[in-house]
Amino acid sequence: MSSHNRPWEGPRWPEGVAHEVSGYERPLFSILDWAASEFPISTYTIFSGFSKSFAQVKDTADRIAYFLINQGLNKGDRVAIFLPNIPHYPEILFGTLKAGGVCVTCNPLYKAHELNYQLKDAGASIAFVMDHPQFYATAVEALKDTNVETVVVCNVKSYLPFLKALLGSLLGKIPKAEHHEPGHLMFDDIIRSSRPEPPQVDVDPVNDPAVIVYTGGTTGVPKGAVLSHSNLVSNVMVMEEWIRLEEYPGGPLKKAKRGGAHCYLGVLPWYHSFGLTVCMLASCNSASRLVCIPDPRAGNPPFAEVLKAIEKYKITTFVGVPTIYSAIVNHPFTDKFDLSSIVGCGSGAAPLPVEVIKQFEKRTGAVIYEGYGMTETSPIVTLNPTNTTQRKIGTVGLPVPNTEVKIVDLETGIQELPQGEDGEIAVSGPQVMLGYWNKPEANEESFRQINGKRYLLTGDIGHLDEDGFLVITDRKKDMIIVGGFNAYPKEIEEVLYTHPKVALAAVVGVPDPHAGESIKAFIQLKPGVKATEEEFLAFCKEKLAGYKRPKEIEFRNSLPTSVVGKVLRRVLKEEELRKRKKEQG
């Protein structure tokens, strides 16, 4: 393919990075087996000061595989993991895969009815749940009318240093459920009574599912994205190839060393593809340390524990979403901690305000590289070069090795548009999911054959700029049509974020008798400031074309956000439509 069709393979392509990466057609658990054989005594998981080596994590994973087979697990059976980021997670994930099972990752903050839907939809037969007053009670409620026959309860006590565990028990500080249902098994018991002898499973890495990740129901009910072994292995290999950092300030850019040179902060939830791949799997793939953070908001004020962990464990690799970067930059204690160990930071899931990038990099000396991806792409599609001279702030970077990005028309999703023109982003590559679980109609809507290749339509709108960098304009579903003009919420929000009083902003379309739709903005002000609607309407008049200007401004103490920190426009829109219906009564 000529670079005419791949404008990203031009002068801004990072030096030394291959255009193609091979060797990803292998089982996902091979990355753990490799780390355990090459770096057996290197630390993998760290939790509350207690660490486990790669060899120990592999031993537990092998025992879990042995246990699952003895429970009657067949190849392709689904195993649900309903846990926060605790050290049992990688062990259960890899153990399930070694037994030929498919992991279904469940949001630990789910309410019982949400979890129940997911367990039923995936047809899970085994579930690992947390020993915790709230999480366990939710799980018990959610298990009703599902196919789950085996429940394993995970307590953190055995993953704590001896004294901490002893004192924790005496003081009742270690979370556990008030009582356990008869027949539920304890994690520590099954590990003790199992042998580290995983079965020989015949895995077809390209076609066999490894993980089903449910994607946030921005479009109604959540759908399970089915990711194969190769989908995930290719994504971690591509990341390792792409990320080049200075070993010392001003030094040459080099690939990260394997085997304990790096320490990842596990602050993003691992049930979500971003945290799973970019943190939990990537740290294993490079035999790096991984600090388990079950609750990033812990501490007083919130996020104080994250700052402590960065200093204590000398975190080098930080993967976050804009709300976490913003929380660190604006934290009242941020200057009390040494954050200078951080060298590389990935950001995604929502646009990162330029001001936050500047402040965070100034504070840490690190470099932030923004990327783009989705659950359906395991997740990485594009990444910015990982150095300050080649990256382009305001874009989400270049398509990573093995990845094709096309911009297609919004109607058919097949017609390729000229470079620089906005359209729907379509992606092809080894990281693109097998499909949605049991949703043939959704698959038909989402996939297109273009020039004999299978492309996923992302539902996101954007264009490739003159250097082949991807610029995201908005979500197709969030586009607002004002008097026949297309208005993109993200563009209007970006303008609102330049106002010094704005902490968070969201823009939605509301019914309008004259223009079809008009624009309403919701604003969360920075602490301690006051503002009026008139002030913001005047500000927008100065900065935006007529059809892009909000007609109404509503101030809120807080805006609803998703688990990964995206402001949920959908929730605001639903509330607004309900309110209007009521008023019309």
# chains A, B, ... in the order shown; residues from 1 in each chain; ligands from 1
call {"tool": "select_by_dssp", "arguments": {"residues": "segment 83-300 of chain A", "states": "strand (DSSP E or B)", "output": "number ranges by chain"}}
result
A: 102-105, 126-130, 150-154, 185-186, 209-215, 223-228, 244-246, 253-255, 263-266, 289-292
call {"tool": "residues_around", "arguments": {"residues": "Ala350 of chain A", "least_positions_apart": "2", "cutoff": "7 Å", "atoms": "only C-alpha atoms", "output": "MDAnalysis selection string"}}
result
chainID A and resid 321:322 348 352 566
call {"tool": "write_last_selection", "arguments": {"atoms": "N, CA, C and O atoms", "output": "short mmCIF file (atom, residue, chain, number, x, y, z; two decimals), in the first residue's frame"}}
result
data_model
loop_
_atom_site.label_atom_id
_atom_site.label_comp_id
_atom_site.auth_asym_id
_atom_site.auth_seq_id
_atom_site.Cartn_x
_atom_site.Cartn_y
_atom_site.Cartn_z
N VAL A 321 -6.91 8.44 32.80
CA VAL A 321 -7.90 9.16 32.00
C VAL A 321 -7.86 10.61 32.46
O VAL A 321 -7.35 10.90 33.54
N PRO A 322 -8.38 11.54 31.65
CA PRO A 322 -8.26 12.96 32.00
C PRO A 322 -8.68 13.31 33.41
O PRO A 322 -8.01 14.12 34.06
N GLY A 348 -6.25 8.38 27.55
CA GLY A 348 -7.26 8.08 26.55
C GLY A 348 -8.63 8.15 27.17
O GLY A 348 -8.78 8.63 28.29
N LEU A 352 -7.92 15.16 26.63
CA LEU A 352 -7.17 15.70 27.76
C LEU A 352 -6.93 17.19 27.51
O LEU A 352 -6.29 17.55 26.53
N LYS A 566 -15.42 9.73 31.85
CA LYS A 566 -16.06 10.49 30.76
C LYS A 566 -17.33 11.12 31.31
O LYS A 566 -18.08 10.45 32.01
#
call {"tool": "closest_atom_pairs", "arguments": {"of": "segment 245-275 of chain A", "to": "segment 34-53 of chain A", "cutoff": "12 Å", "atoms": "only C-alpha atoms", "output": "CSV"}}
result
residue,atom,partner,partner_atom,distance
A:Arg258,CA,A:Phe39,CA,9.1
A:Gly259,CA,A:Phe39,CA,6.2
A:Gly260,CA,A:Ser42,CA,6.2
A:Ala261,CA,A:Ser42,CA,9.9
A:His262,CA,A:Tyr44,CA,10.5
A:Cys263,CA,A:Tyr44,CA,9.2
A:Tyr264,CA,A:Thr45,CA,9.7
A:Leu265,CA,A:Ile46,CA,9.8
A:Gly266,CA,A:Thr45,CA,9.6
call {"tool": "write_last_selection", "arguments": {"atoms": "N, CA, C and O atoms", "output": "mmCIF file, in the first residue's frame"}}
result
data_model
loop_
_atom_site.group_PDB
_atom_site.id
_atom_site.type_symbol
_atom_site.label_atom_id
_atom_site.label_comp_id
_atom_site.auth_asym_id
_atom_site.auth_seq_id
_atom_site.Cartn_x
_atom_site.Cartn_y
_atom_site.Cartn_z
ATOM 1 N N ARG A 258 12.930 -4.950 29.706
ATOM 2 C CA ARG A 258 12.050 -5.965 30.289
ATOM 3 C C ARG A 258 12.648 -6.443 31.611
ATOM 4 O O ARG A 258 13.853 -6.371 31.813
ATOM 5 N N GLY A 259 11.767 -6.922 32.478
ATOM 6 C CA GLY A 259 12.260 -7.537 33.709
ATOM 7 C C GLY A 259 12.554 -6.562 34.824
ATOM 8 O O GLY A 259 13.702 -6.324 35.176
ATOM 9 N N GLY A 260 11.489 -5.963 35.375
ATOM 10 C CA GLY A 260 11.649 -5.208 36.621
ATOM 11 C C GLY A 260 12.161 -3.790 36.474
ATOM 12 O O GLY A 260 12.371 -3.097 37.464
ATOM 13 N N ALA A 261 12.406 -3.329 35.239
ATOM 14 C CA ALA A 261 12.902 -1.954 35.089
ATOM 15 C C ALA A 261 11.785 -0.946 35.333
ATOM 16 O O ALA A 261 12.024 0.179 35.731
ATOM 17 N N HIS A 262 10.535 -1.384 35.103
ATOM 18 C CA HIS A 262 9.420 -0.441 35.206
ATOM 19 C C HIS A 262 8.403 -0.837 36.264
ATOM 20 O O HIS A 262 8.294 -1.996 36.639
ATOM 21 N N CYS A 263 7.677 0.184 36.713
ATOM 22 C CA CYS A 263 6.628 -0.061 37.701
ATOM 23 C C CYS A 263 5.365 0.672 37.236
ATOM 24 O O CYS A 263 5.383 1.882 37.022
ATOM 25 N N TYR A 264 4.295 -0.094 37.045
ATOM 26 C CA TYR A 264 3.017 0.451 36.572
ATOM 27 C C TYR A 264 2.096 0.731 37.752
ATOM 28 O O TYR A 264 2.062 -0.054 38.702
ATOM 29 N N LEU A 265 1.328 1.816 37.643
ATOM 30 C CA LEU A 265 0.319 2.101 38.666
ATOM 31 C C LEU A 265 -1.032 1.595 38.159
ATOM 32 O O LEU A 265 -1.577 2.115 37.187
ATOM 33 N N GLY A 266 -1.552 0.568 38.816
ATOM 34 C CA GLY A 266 -2.822 -0.044 38.393
ATOM 35 C C GLY A 266 -4.018 0.724 38.908
ATOM 36 O O GLY A 266 -4.748 0.268 39.782
#
call {"tool": "atom_distance", "arguments": {"atom1": "atom CA of Tyr488 of chain A", "atom2": "atom CA of Thr561 of chain A"}}
result
19.2 Å
call {"tool": "residues_around", "arguments": {"residues": "segment 116-124 of chain A", "least_positions_apart": "3", "cutoff": "9 Å", "atoms": "only C-alpha atoms", "output": "PyMOL selection string"}}
result
chain A and resi 77-80+103-104+106+111-113+127+139+141-149+212+214+222-224+437-438
call {"tool": "atom_distance", "arguments": {"atom1": "atom CA of Leu496 of chain A", "atom2": "atom CA of Ser558 of chain A"}}
result
15.8 Å
call {"tool": "residues_around", "arguments": {"residues": "Met239 of chain A", "least_positions_apart": "2", "cutoff": "9 Å", "atoms": "only C-alpha atoms", "output": "ChimeraX atom specification"}}
result
/A:234-237,241-243,278,282,380,383,400-401
call {"tool": "write_last_selection", "arguments": {"atoms": "C-alpha atoms", "output": "PDB file, in the first residue's frame"}}
result
ATOM      1  CA  SER A 234      -1.156  -8.047  19.266  1.00  0.00           C
ATOM      2  CA  ASN A 235      -2.186  -4.934  21.199  1.00  0.00           C
ATOM      3  CA  VAL A 236       0.395  -5.382  23.983  1.00  0.00           C
ATOM      4  CA  MET A 237       3.125  -6.220  21.444  1.00  0.00           C
ATOM      5  CA  GLU A 241       7.141  -1.639  19.917  1.00  0.00           C
ATOM      6  CA  TRP A 242       5.697   1.901  19.911  1.00  0.00           C
ATOM      7  CA  ILE A 243       6.654   3.296  23.307  1.00  0.00           C
ATOM      8  CA  VAL A 278      -2.529  -1.072  28.856  1.00  0.00           C
ATOM      9  CA  ALA A 282       1.323  -4.710  29.371  1.00  0.00           C
ATOM     10  CA  ILE A 380      -5.545   0.768  21.068  1.00  0.00           C
ATOM     11  CA  LEU A 383      -1.102   6.612  19.734  1.00  0.00           C
ATOM     12  CA  VAL A 400      -0.237   1.977  15.442  1.00  0.00           C
ATOM     13  CA  PRO A 401       1.607  -0.846  13.599  1.00  0.00           C
TER      14      PRO A 401
END
call {"tool": "atom_distance", "arguments": {"atom1": "atom CA of Ala503 of chain A", "atom2": "atom CA of Lys526 of chain A"}}
result
4.8 Å
